[in-house]
There are 2 protein chains.
Amino acid sequence: MNVIGVPAHTQYYMKKVSISDIARKAGVSVSTVSFVMNDKAVKMRISREVIERVEHVAREMGYRPNQLARGLRTGKTKTIGLIVENISNAFFATLAKSIEDEAKRYDYKVVYCSTDNDEEKARDLINMLSQRQVDGYIITPTLNLAEEIRKLQGESKPVVLIDRYFPAHTEIPAVLVDNYEGVSRGMEYLLAKGYSRIALVTIETEMAHMKDRLRAYRDVLRRHGIGEELVLVVPYNSDHEAALQVVTQMLTRAGADFDAVFFLTNYLGVLGIEAIKKLQIKVPEQLAVLCFDDNDIFRLFTPSISVIRQPIEAIGQKAVSTLMERLRHSGEEAPLTNLPVQLEADLVRRESI
Amino acid sequence: MNVIGVPAHTQYYMKKVSISDIARKAGVSVSTVSFVMNDKAVKMRISREVIERVEHVAREMGYRPNQLARGLRTGKTKTIGLIVENISNAFFATLAKSIEDEAKRYDYKVVYCSTDNDEEKARDLINMLSQRQVDGYIITPTLNLAEEIRKLQGESKPVVLIDRYFPAHTEIPAVLVDNYEGVSRGMEYLLAKGYSRIALVTIETEMAHMKDRLRAYRDVLRRHGIGEELVLVVPYNSDHEAALQVVTQMLTRAGADFDAVFFLTNYLGVLGIEAIKKLQIKVPEQLAVLCFDDNDIFRLFTPSISVIRQPIEAIGQKAVSTLMERLRHSGEEAPLTNLPVQLEADLVRRESI
DNA sequence: AGGTTAGGCTAAAACGATTTAGTTCTTTTC
DNA sequence: GAAAAGAACTAAATCGTTTTAGCCTAACCT
């Protein structure tokens with residue numbers, strides 16, 4: 001069956017090789033092979049000679065351990081499950097990349113999925129990942145996911161939230177930008193530039209991170225003695241067209257009712273510039289524009305849009321390191337309370353204000 | 001150990017429940033439970049009564065089958081491995097999403113990873129996926145990956161290439177846009193609009209899909225009796241800054257040496273508009289711009305950029321259905337030769353030409 | 001009555017690893 | 001010289017499933 005000149009492991013009819021194939025060919029037991037493959041050979045006092053023979057045979061046959069079997073036996077898969085809102089959104093894509101890169105440094109693999117902000121889908125994904133025995137989770141939660149997440153913790157599976165958090169559930173650690181501080185900084189900047197009639201565009205949601213952003217807007221206005229607020233809440237389940245419609249509608253009053261607008265998310269900002277382009281609003285002459293969270297488009301748009309930029313890399317890294325910490329002490333009682341880690345945002349000044 | 005009022009499966013100290021826990025509690029054998037859980041109960045003539053009891057106990061205990069064990073036993077994981085160039089690139093993100101959605105219709109899960117166009121990394125990823133026993137692969141290949149892919153086929157793991165293909169390896173099926181036709185259509189459009197000095201910006205690579213695009217450019221020029229071509233090849237490994245530099249450099253000659261420019265990829269187009277913005281080139285007055293492959297930025301840029309749009313959804317769907325076809329007949333001899341499936345691209349006219 | 005069939009289940013092997021507890025020599029130690 | 005220790009391995013259990021091959025009882029033929 002040997003094809004001349006072709007190394008065994010490249011032959012096209014080759015079947016998967018298991019640890020016992022190697023054992024047979026090397027004339028030792030499977031345990032011995034296992035020890036050698038896991039660098040436990042010295043501890044198990046396998047002789048130099050046998051180690052070399054086994055390694056040689058394994059290489060020759062192109063052996064790759066079956067991770068299903070390994071995971072089944074050890075209970076660890078060296079995999080972390082990452083659940084984000086939508087992987088094709090630039091913010092989450094970048095976050096996912098940073099988490100993946102960071103995880104690799106700990107020799108962990110990550111498998112990711114999107115909830116599309118659907119509660120039901122989020123639950124399904126958690127189930128799916130749990131069935132696949134991931135060791136831990138990094139989750140961008142939806143509103144009512146706390147119970148489900150506590151179940152995971154109950155199974156001793158560590159969870160770290162990112163981007164959002166549950167103020168009422170401090171037993172679940174979270175890593176996110178300091179939303180309150182970020183929006184405050186943006187508001188102070190607009191006010192310092194002389195704008196006082198500042199409109200806010202946000203999205204309908206009960207989640208704490210967005211409430212923090214809104215609260216910052218209100219607090220800053222109040223602190224400056226500005227009584228009236230102007231807030232547009234884009235309905236939760238609107239599709240692109242509908243949302244664009246609402247934002248466009250509001251922006252027709254730019255200059256009249258307000259002279260600056262602050263978009264509270266990346267996605268809203270994109271809608272905003274789409275509307276601004278359509279309405280041919282002059283930025284910043286007629287209207288100053290600021291957005292929470294950056295996007296390539298903001299840099300390239302004319303005029304380029306100033307933003308409050310989240311430290312995405314740092315969030316990813318901190319989330320992974322927090323999870324690894326928990327994984328290392330898994331089994332031990334997790335702390336009952338952890339304040340969310342809130343990282344500081346930058347103000348990136350561009351042309352729009 | 002029971003907490004009053006709390007359903008068993010939400011108790012926080014709960015351990016994972018296995019099929020044998022259910023068997024014990026329901027007073028039957030594990031085989032019976034397995035049959036019931038896999039809808040084989042009727043075929044195995046399990047009584048109505050036992051079926052109901054088992055289902056009830058399973059639900060009550062919150063049973064979730066362990067997919068590692070299942071995969072180990074059956075040899076199928078219902079998972080497909082997707083390898084793209086870079087998941088944070090809009091094109092691949094959209095493609096990944098469409099593949100994921102389509103796969104779900106066949107009840108398959110997808111796990112994805114990025115090569116960053118690194119040959120070595122691509123090999124590692126294939127290995128990693130292979131160790132995790134994915135059932136099949138959808139791959140955006142790098143230049144020298146054909147051998148590695150044939151190995152997979154040798155292990156009876158079906159592979160479908162997307163976006164790129166190996167002309168010399170027709171035994172590996174591929175699904176992609178019709179690059180030659182797409183670029184031809186773009187060129188004809190530019191020529192019809194009266195532009196004859198058309199510059200091309202491409203990326204340094206030996207891969208067939210890019211060669212096809214370049215070939216189309218040349219053929220169309222020749223067909224129209226235009227002798228001189230103007231091609232900028234951006235070096236392969238340049239970082240964002242360096243690449244931007246090169247493109248900017250070239251665009252300083254816009255209007256003088258050429259009156260239209262055709263960017264051959266999404267990424268190059270983004271670099272292009274970044275340079276155009278910096279150089280304040282008037283589009284389309286001084287320079288007509290066309291790009292192969294769409295991007296949100298092109299729609300929102302002022303002026304908006306016309307593109308040749310790939311049928312991303314269709315590519316994803318066709319790739320999945322091709323893979324499923326192979327999966328269904330796995331074990332049988334795969335056809336030795338398959339012409340790549342080449343789907344037609346659209347011309348999307350915007351303001352840039 | 002004896003043999004076949006059907007109904008309703010279960011035992012046990014298998015998937016591919018890891019790991020605990022030995023086993024069998026050989027060498028020290030007292 | 002017997003007991004203990006060390007060296008170099010190996011046998012077998014185990015993880016949680018699926019699946020094949022039975023087992024046992026009751027009903028059905030002839």
# chains A, B, ... in the order shown; residues from 1 in each chain; ligands from 1

call {"tool": "select_by_dssp", "arguments": {"residues": "segment 68-300 of chain A", "states": "strand (DSSP E)", "output": "number ranges by chain"}}
result
A: 79-84, 109-114, 136-139, 159-162, 174-177, 198-203, 230-234, 260-263, 288-292

call {"tool": "select_by_dssp", "arguments": {"residues": "segment 89-220 of chain B", "states": "helix (DSSP H, G or I)", "output": "NGL selection string"}}
result
:B and (90-105 or 119-131 or 146-154 or 179-192 or 208-220)

call {"tool": "interface_residues", "arguments": {"of": "chain A", "to": "chain D", "cutoff": "10 Å", "atoms": "only C-alpha atoms (C1' of nucleotides)", "output": "NGL selection string"}}
result
:A and (28-32 or 44-47 or 50 or 69-75)

call {"tool": "closest_atom_pairs", "arguments": {"of": "segment 74-151 of chain B", "to": "segment 289-302 of chain B", "cutoff": "12 Å", "atoms": "only C-alpha atoms", "output": "JSON lines"}}
result
{"residue": "B:Asn89", "atom": "CA", "partner": "B:Asn295", "partner_atom": "CA", "distance": 9.5}
{"residue": "B:Ala90", "atom": "CA", "partner": "B:Asn295", "partner_atom": "CA", "distance": 6.8}
{"residue": "B:Phe91", "atom": "CA", "partner": "B:Asn295", "partner_atom": "CA", "distance": 7.4}
{"residue": "B:Phe92", "atom": "CA", "partner": "B:Asn295", "partner_atom": "CA", "distance": 11.0}
{"residue": "B:Ala93", "atom": "CA", "partner": "B:Asn295", "partner_atom": "CA", "distance": 11.2}
{"residue": "B:Thr94", "atom": "CA", "partner": "B:Asn295", "partner_atom": "CA", "distance": 10.3}

call {"tool": "closest_atom_pairs", "arguments": {"of": "chain C", "to": "chain B", "cutoff": "8 Å", "atoms": "only C-alpha atoms (C1' of nucleotides)", "output": "CSV"}}
result
residue,atom,partner,partner_atom,distance
C:DG7,C1',B:Arg45,CA,6.9
C:DG8,C1',B:Ile46,CA,6.0
C:DC9,C1',B:Ile46,CA,7.2
C:DT10,C1',B:Ser29,CA,6.2
C:DA14,C1',B:Arg73,CA,7.4
C:DC15,C1',B:Arg73,CA,4.4
C:DG16,C1',B:Leu72,CA,7.5

call {"tool": "closest_residue", "arguments": {"among": "A:Arg197, A:Arg132, A:Arg24, A:Arg48", "to": "chain B", "atoms": "only C-alpha atoms"}}
result
A:Arg132

call {"tool": "closest_atom_pairs", "arguments": {"of": "chain B", "to": "chain A", "cutoff": "8 Å", "atoms": "only C-alpha atoms", "output": "JSON lines"}}
result
{"residue": "B:Thr10", "atom": "CA", "partner": "A:Lys151", "partner_atom": "CA", "distance": 6.1}
{"residue": "B:Gln11", "atom": "CA", "partner": "A:Gly154", "partner_atom": "CA", "distance": 7.2}
{"residue": "B:Tyr12", "atom": "CA", "partner": "A:Gly154", "partner_atom": "CA", "distance": 4.2}
{"residue": "B:Tyr13", "atom": "CA", "partner": "A:Gly154", "partner_atom": "CA", "distance": 5.3}
{"residue": "B:Met14", "atom": "CA", "partner": "A:Glu155", "partner_atom": "CA", "distance": 6.1}
{"residue": "B:Lys15", "atom": "CA", "partner": "A:Glu155", "partner_atom": "CA", "distance": 5.6}
{"residue": "B:Lys16", "atom": "CA", "partner": "A:Glu155", "partner_atom": "CA", "distance": 6.7}
{"residue": "B:Arg64", "atom": "CA", "partner": "A:Gln131", "partner_atom": "CA", "distance": 6.2}
{"residue": "B:Pro65", "atom": "CA", "partner": "A:Gln131", "partner_atom": "CA", "distance": 6.2}
{"residue": "B:Asn66", "atom": "CA", "partner": "A:Gln131", "partner_atom": "CA", "distance": 5.1}
{"residue": "B:Gln67", "atom": "CA", "partner": "A:Arg132", "partner_atom": "CA", "distance": 5.3}
{"residue": "B:Leu68", "atom": "CA", "partner": "A:Leu68", "partner_atom": "CA", "distance": 5.0}
{"residue": "B:Ala69", "atom": "CA", "partner": "A:Leu72", "partner_atom": "CA", "distance": 6.2}
{"residue": "B:Gly71", "atom": "CA", "partner": "A:Leu68", "partner_atom": "CA", "distance": 7.0}
{"residue": "B:Leu72", "atom": "CA", "partner": "A:Leu68", "partner_atom": "CA", "distance": 6.0}
{"residue": "B:Ile87", "atom": "CA", "partner": "A:Ala93", "partner_atom": "CA", "distance": 7.1}
{"residue": "B:Ser88", "atom": "CA", "partner": "A:Ala93", "partner_atom": "CA", "distance": 5.1}
{"residue": "B:Ala90", "atom": "CA", "partner": "A:Ser88", "partner_atom": "CA", "distance": 6.9}
{"residue": "B:Ala93", "atom": "CA", "partner": "A:Ser88", "partner_atom": "CA", "distance": 5.1}
{"residue": "B:Thr94", "atom": "CA", "partner": "A:Ser88", "partner_atom": "CA", "distance": 6.3}
{"residue": "B:Lys97", "atom": "CA", "partner": "A:Ser88", "partner_atom": "CA", "distance": 7.4}
{"residue": "B:Val111", "atom": "CA", "partner": "A:Val111", "partner_atom": "CA", "distance": 6.0}
{"residue": "B:Tyr112", "atom": "CA", "partner": "A:Val111", "partner_atom": "CA", "distance": 7.2}
{"residue": "B:Asn127", "atom": "CA", "partner": "A:Arg64", "partner_atom": "CA", "distance": 7.9}
{"residue": "B:Gln131", "atom": "CA", "partner": "A:Asn66", "partner_atom": "CA", "distance": 5.1}
{"residue": "B:Arg132", "atom": "CA", "partner": "A:Gln67", "partner_atom": "CA", "distance": 5.3}
{"residue": "B:Gln133", "atom": "CA", "partner": "A:Asn66", "partner_atom": "CA", "distance": 7.3}
{"residue": "B:Arg150", "atom": "CA", "partner": "A:Tyr12", "partner_atom": "CA", "distance": 7.3}
{"residue": "B:Lys151", "atom": "CA", "partner": "A:Thr10", "partner_atom": "CA", "distance": 6.1}
{"residue": "B:Gln153", "atom": "CA", "partner": "A:Tyr12", "partner_atom": "CA", "distance": 7.5}
{"residue": "B:Gly154", "atom": "CA", "partner": "A:Tyr12", "partner_atom": "CA", "distance": 4.2}
{"residue": "B:Glu155", "atom": "CA", "partner": "A:Lys15", "partner_atom": "CA", "distance": 5.6}
{"residue": "B:Ile273", "atom": "CA", "partner": "A:Leu300", "partner_atom": "CA", "distance": 7.6}
{"residue": "B:Glu274", "atom": "CA", "partner": "A:Leu300", "partner_atom": "CA", "distance": 6.2}
{"residue": "B:Lys277", "atom": "CA", "partner": "A:Leu300", "partner_atom": "CA", "distance": 7.6}
{"residue": "B:Asp296", "atom": "CA", "partner": "A:Ile297", "partner_atom": "CA", "distance": 7.8}
{"residue": "B:Ile297", "atom": "CA", "partner": "A:Ile297", "partner_atom": "CA", "distance": 5.5}
{"residue": "B:Leu300", "atom": "CA", "partner": "A:Glu274", "partner_atom": "CA", "distance": 6.3}
{"residue": "B:Phe301", "atom": "CA", "partner": "A:Phe301", "partner_atom": "CA", "distance": 5.7}
{"residue": "B:Thr302", "atom": "CA", "partner": "A:Thr302", "partner_atom": "CA", "distance": 6.8}

call {"tool": "residues_around", "arguments": {"residues": "segment 216-229 of chain A", "least_positions_apart": "5", "cutoff": "12 Å", "atoms": "only C-alpha atoms (C1' of nucleotides)", "output": "PyMOL selection string"}}
result
chain A and resi 178-192+195-202+209-211+257-258+261-264

call {"tool": "write_last_selection", "arguments": {"atoms": "C-alpha atoms", "output": "mmCIF file, in the first residue's frame"}}
result
data_model
loop_
_atom_site.group_PDB
_atom_site.id
_atom_site.type_symbol
_atom_site.label_atom_id
_atom_site.label_comp_id
_atom_site.auth_asym_id
_atom_site.auth_seq_id
_atom_site.Cartn_x
_atom_site.Cartn_y
_atom_site.Cartn_z
ATOM 1 C CA ASP A 178 -16.700 53.744 31.678
ATOM 2 C CA ASN A 179 -19.863 54.858 29.948
ATOM 3 C CA TYR A 180 -20.806 57.561 32.394
ATOM 4 C CA GLU A 181 -17.392 59.133 32.334
ATOM 5 C CA GLY A 182 -17.128 58.853 28.541
ATOM 6 C CA VAL A 183 -20.377 60.602 27.818
ATOM 7 C CA SER A 184 -19.653 63.209 30.488
ATOM 8 C CA ARG A 185 -16.378 63.978 28.822
ATOM 9 C CA GLY A 186 -18.050 64.300 25.439
ATOM 10 C CA MET A 187 -20.712 66.598 26.819
ATOM 11 C CA GLU A 188 -18.197 68.799 28.602
ATOM 12 C CA TYR A 189 -16.280 69.070 25.360
ATOM 13 C CA LEU A 190 -19.337 70.170 23.389
ATOM 14 C CA LEU A 191 -20.256 72.689 26.061
ATOM 15 C CA ALA A 192 -16.715 74.022 26.202
ATOM 16 C CA TYR A 195 -22.740 74.424 22.117
ATOM 17 C CA SER A 196 -25.554 74.398 24.599
ATOM 18 C CA ARG A 197 -28.486 73.012 22.689
ATOM 19 C CA ILE A 198 -27.275 69.448 22.479
ATOM 20 C CA ALA A 199 -29.486 66.702 21.138
ATOM 21 C CA LEU A 200 -28.965 63.074 22.059
ATOM 22 C CA VAL A 201 -29.765 60.052 19.926
ATOM 23 C CA THR A 202 -30.036 56.790 21.775
ATOM 24 C CA HIS A 209 -24.782 50.645 30.090
ATOM 25 C CA MET A 210 -27.122 52.746 27.957
ATOM 26 C CA LYS A 211 -28.874 54.127 30.992
ATOM 27 C CA ASP A 257 -34.012 73.123 17.814
ATOM 28 C CA PHE A 258 -30.421 72.122 18.477
ATOM 29 C CA VAL A 261 -25.934 66.113 18.244
ATOM 30 C CA PHE A 262 -24.405 63.274 20.239
ATOM 31 C CA PHE A 263 -25.025 59.739 18.931
ATOM 32 C CA LEU A 264 -24.801 57.178 21.681
#

call {"tool": "atom_distance", "arguments": {"atom1": "atom CA of Ala319 of chain B", "atom2": "atom CA of Ile80 of chain A"}}
result
27.3 Å

call {"tool": "atom_distance", "arguments": {"atom1": "atom CA of Glu119 of chain A", "atom2": "atom CA of Thr142 of chain A"}}
result
5.9 Å

call {"tool": "decode", "arguments": {"residues": "chain C", "atoms": "N, CA and C atoms (P, O5', C5', C4', C3', O3' and C1' of nucleotides)", "output": "CSV table (one decimal), in the first residue's frame"}}
result
chain,number,residue,atom,x,y,z
C,1,DA,P,-50.1,-29.0,26.8
C,1,DA,O5',-48.9,-29.5,25.8
C,1,DA,C5',-48.8,-30.8,25.4
C,1,DA,C4',-47.8,-30.7,24.3
C,1,DA,C3',-46.5,-29.9,24.6
C,1,DA,O3',-45.5,-30.5,24.0
C,1,DA,C1',-47.7,-28.8,22.9
C,2,DG,P,-44.0,-30.2,24.4
C,2,DG,O5',-43.4,-29.5,23.1
C,2,DG,C5',-43.5,-30.2,21.8
C,2,DG,C4',-43.2,-29.2,20.8
C,2,DG,C3',-41.9,-28.4,21.1
C,2,DG,O3',-41.1,-28.4,19.9
C,2,DG,C1',-43.8,-26.9,20.7
C,3,DG,P,-39.8,-27.5,19.9
C,3,DG,O5',-40.3,-26.4,18.9
C,3,DG,C5',-40.9,-26.8,17.6
C,3,DG,C4',-41.3,-25.5,16.9
C,3,DG,C3',-40.1,-24.5,16.8
C,3,DG,O3',-40.1,-23.9,15.5
C,3,DG,C1',-42.1,-23.5,17.8
C,4,DT,P,-38.9,-23.0,15.0
C,4,DT,O5',-39.7,-21.6,14.8
C,4,DT,C5',-40.8,-21.5,13.9
C,4,DT,C4',-41.6,-20.3,14.2
C,4,DT,C3',-40.8,-19.0,14.0
C,4,DT,O3',-41.4,-18.2,13.0
C,4,DT,C1',-42.2,-18.9,15.9
C,5,DT,P,-40.7,-16.9,12.4
C,5,DT,O5',-41.6,-15.8,13.3
C,5,DT,C5',-43.0,-15.9,13.3
C,5,DT,C4',-43.5,-14.8,14.1
C,5,DT,C3',-42.8,-13.5,14.0
C,5,DT,O3',-43.8,-12.5,13.7
C,5,DT,C1',-43.0,-14.0,16.3
C,6,DA,P,-43.4,-11.0,13.3
C,6,DA,O5',-43.7,-10.2,14.6
C,6,DA,C5',-45.0,-10.5,15.2
C,6,DA,C4',-45.0,-9.8,16.6
C,6,DA,C3',-44.4,-8.4,16.6
C,6,DA,O3',-45.4,-7.6,17.2
C,6,DA,C1',-43.5,-9.8,18.4
C,7,DG,P,-45.1,-6.0,17.4
C,7,DG,O5',-44.8,-6.0,18.9
C,7,DG,C5',-45.6,-6.7,19.8
C,7,DG,C4',-45.2,-6.4,21.3
C,7,DG,C3',-44.7,-5.0,21.5
C,7,DG,O3',-45.2,-4.6,22.8
C,7,DG,C1',-43.0,-6.6,22.1
C,8,DG,P,-44.9,-3.2,23.3
C,8,DG,O5',-43.6,-3.5,24.2
C,8,DG,C5',-43.7,-4.0,25.5
C,8,DG,C4',-42.4,-4.0,26.2
C,8,DG,C3',-41.7,-2.6,26.2
C,8,DG,O3',-41.2,-2.3,27.5
C,8,DG,C1',-40.2,-4.2,25.4
C,9,DC,P,-40.9,-0.9,27.9
C,9,DC,O5',-39.3,-0.9,27.6
C,9,DC,C5',-38.6,-1.2,28.8
C,9,DC,C4',-37.6,-2.3,28.6
C,9,DC,C3',-36.2,-1.9,28.7
C,9,DC,O3',-35.9,-1.9,30.1
C,9,DC,C1',-36.4,-3.6,27.1
C,10,DT,P,-34.6,-1.2,30.6
C,10,DT,O5',-33.4,-2.3,30.3
C,10,DT,C5',-33.6,-3.6,30.9
C,10,DT,C4',-32.4,-4.4,30.5
C,10,DT,C3',-31.1,-3.7,30.9
C,10,DT,O3',-30.2,-4.7,31.4
C,10,DT,C1',-31.0,-4.1,28.6
C,11,DA,P,-28.9,-4.2,32.2
C,11,DA,O5',-27.8,-5.3,31.7
C,11,DA,C5',-28.2,-6.2,30.6
C,11,DA,C4',-26.9,-6.8,30.1
C,11,DA,C3',-25.6,-6.4,30.6
C,11,DA,O3',-24.7,-7.4,30.3
C,11,DA,C1',-25.9,-5.5,28.4
C,12,DA,P,-23.2,-7.4,30.8
C,12,DA,O5',-22.5,-6.8,29.5
C,12,DA,C5',-22.7,-7.4,28.2
C,12,DA,C4',-21.9,-6.7,27.2
C,12,DA,C3',-20.6,-6.2,27.6
C,12,DA,O3',-19.7,-6.3,26.5
C,12,DA,C1',-21.9,-4.4,26.7
C,13,DA,P,-18.2,-6.2,26.7
C,13,DA,O5',-17.7,-5.8,25.2
C,13,DA,C5',-18.5,-6.2,24.1
C,13,DA,C4',-18.4,-5.2,23.0
C,13,DA,C3',-17.0,-4.5,22.9
C,13,DA,O3',-16.8,-4.3,21.5
C,13,DA,C1',-18.7,-2.9,23.3
C,14,DA,P,-15.3,-4.0,21.0
C,14,DA,O5',-15.4,-2.5,20.5
C,14,DA,C5',-16.4,-2.2,19.6
C,14,DA,C4',-16.6,-0.7,19.6
C,14,DA,C3',-15.2,0.1,19.7
C,14,DA,O3',-15.0,0.8,18.5
C,14,DA,C1',-16.9,1.0,21.1
C,15,DC,P,-13.5,1.2,18.2
C,15,DC,O5',-13.6,2.8,18.1
C,15,DC,C5',-14.7,3.5,17.5
C,15,DC,C4',-14.8,4.9,18.1
C,15,DC,C3',-13.4,5.4,18.6
C,15,DC,O3',-12.9,6.2,17.5
C,15,DC,C1',-15.2,5.8,20.2
C,16,DG,P,-11.3,6.0,17.2
C,16,DG,O5',-10.6,6.9,18.3
C,16,DG,C5',-10.8,8.3,18.4
C,16,DG,C4',-10.1,8.8,19.6
C,16,DG,C3',-8.7,8.4,19.8
C,16,DG,O3',-8.0,9.6,20.1
C,16,DG,C1',-9.9,7.9,21.7
C,17,DA,P,-6.4,9.7,20.1
C,17,DA,O5',-6.1,9.5,21.7
C,17,DA,C5',-5.6,10.5,22.4
C,17,DA,C4',-6.5,10.9,23.6
C,17,DA,C3',-5.8,10.9,24.9
C,17,DA,O3',-5.4,12.2,25.2
C,17,DA,C1',-7.9,9.8,25.0
C,18,DT,P,-4.2,12.4,26.3
C,18,DT,O5',-5.0,12.0,27.7
C,18,DT,C5',-5.9,12.9,28.2
C,18,DT,C4',-6.3,12.4,29.6
C,18,DT,C3',-5.1,12.5,30.6
C,18,DT,O3',-5.7,12.9,31.8
C,18,DT,C1',-6.0,10.3,30.5
C,19,DT,P,-4.8,13.5,33.0
C,19,DT,O5',-4.9,12.2,34.0
C,19,DT,C5',-6.1,11.8,34.4
C,19,DT,C4',-6.0,10.5,35.2
C,19,DT,C3',-4.7,10.5,36.1
C,19,DT,O3',-5.1,9.9,37.3
C,19,DT,C1',-4.7,8.6,34.8
C,20,DT,P,-4.4,10.4,38.7
C,20,DT,O5',-4.8,9.2,39.7
C,20,DT,C5',-6.1,8.6,39.5
C,20,DT,C4',-6.0,7.1,39.7
C,20,DT,C3',-5.0,6.7,40.9
C,20,DT,O3',-5.6,5.7,41.7
C,20,DT,C1',-4.5,5.6,38.9
C,21,DA,P,-5.0,5.3,43.1
C,21,DA,O5',-4.8,3.8,42.9
C,21,DA,C5',-5.7,3.0,42.1
C,21,DA,C4',-4.9,1.8,41.6
C,21,DA,C3',-3.9,1.2,42.6
C,21,DA,O3',-4.0,-0.2,42.4
C,21,DA,C1',-2.8,1.7,40.6
C,22,DG,P,-3.6,-1.1,43.6
C,22,DG,O5',-2.1,-1.3,43.8
C,22,DG,C5',-1.2,-1.3,42.7
C,22,DG,C4',-1.5,-2.3,41.6
C,22,DG,C3',-0.5,-3.4,41.6
C,22,DG,O3',-1.0,-4.6,41.1
C,22,DG,C1',-0.1,-1.9,39.8
C,23,DT,P,-0.3,-6.0,41.3
C,23,DT,O5',0.8,-6.1,40.2
C,23,DT,C5',0.3,-6.4,38.8
C,23,DT,C4',1.6,-6.5,37.9
C,23,DT,C3',2.6,-7.4,38.5
C,23,DT,O3',3.0,-8.3,37.4
C,23,DT,C1',3.6,-5.3,38.0
C,24,DT,P,3.8,-9.7,37.7
C,24,DT,O5',5.2,-9.4,37.2
C,24,DT,C5',5.5,-8.9,35.9
C,24,DT,C4',6.8,-8.3,35.8
C,24,DT,C3',7.9,-9.1,36.5
C,24,DT,O3',9.0,-9.3,35.6
C,24,DT,C1',8.1,-6.9,37.2
C,25,DC,P,9.8,-10.7,35.5
C,25,DC,O5',11.3,-10.2,35.4
C,25,DC,C5',11.8,-9.5,36.5
C,25,DC,C4',12.5,-8.3,36.0
C,25,DC,C3',14.0,-8.3,36.6
C,25,DC,O3',14.9,-7.9,35.6
C,25,DC,C1',12.8,-6.4,37.4
C,26,DT,P,16.4,-8.3,35.8
C,26,DT,O5',17.0,-7.1,36.6
C,26,DT,C5',16.8,-5.8,36.1
C,26,DT,C4',17.3,-4.7,37.1
C,26,DT,C3',18.6,-5.0,37.8
C,26,DT,O3',19.4,-3.9,37.6
C,26,DT,C1',16.9,-4.4,39.3
C,27,DT,P,20.9,-3.9,38.0
C,27,DT,O5',20.9,-3.0,39.3
C,27,DT,C5',20.3,-1.7,39.2
C,27,DT,C4',20.1,-1.1,40.6
C,27,DT,C3',21.3,-1.1,41.5
C,27,DT,O3',21.5,0.2,42.0
C,27,DT,C1',19.5,-1.9,42.7
C,28,DT,P,22.9,0.7,42.5
C,28,DT,O5',22.5,1.2,44.0
C,28,DT,C5',21.7,0.4,44.8
C,28,DT,C4',20.9,1.2,45.8
C,28,DT,C3',21.7,1.6,47.0
C,28,DT,O3',21.2,2.7,47.6
C,28,DT,C1',20.1,-0.1,47.5
C,29,DT,P,21.9,3.3,48.8
C,29,DT,O5',21.3,2.6,50.1
C,29,DT,C5',19.9,2.7,50.3
C,29,DT,C4',19.5,1.9,51.6
C,29,DT,C3',20.5,2.0,52.7
C,29,DT,O3',19.7,2.3,53.9
C,29,DT,C1',20.1,-0.3,52.2
C,30,DC,P,20.5,2.7,55.2
C,30,DC,O5',20.3,1.4,56.1
C,30,DC,C5',19.0,0.9,56.4
C,30,DC,C4',19.2,-0.5,57.1
C,30,DC,C3',20.2,-0.4,58.3
C,30,DC,O3',19.7,-1.1,59.4
C,30,DC,C1',20.7,-2.2,56.8
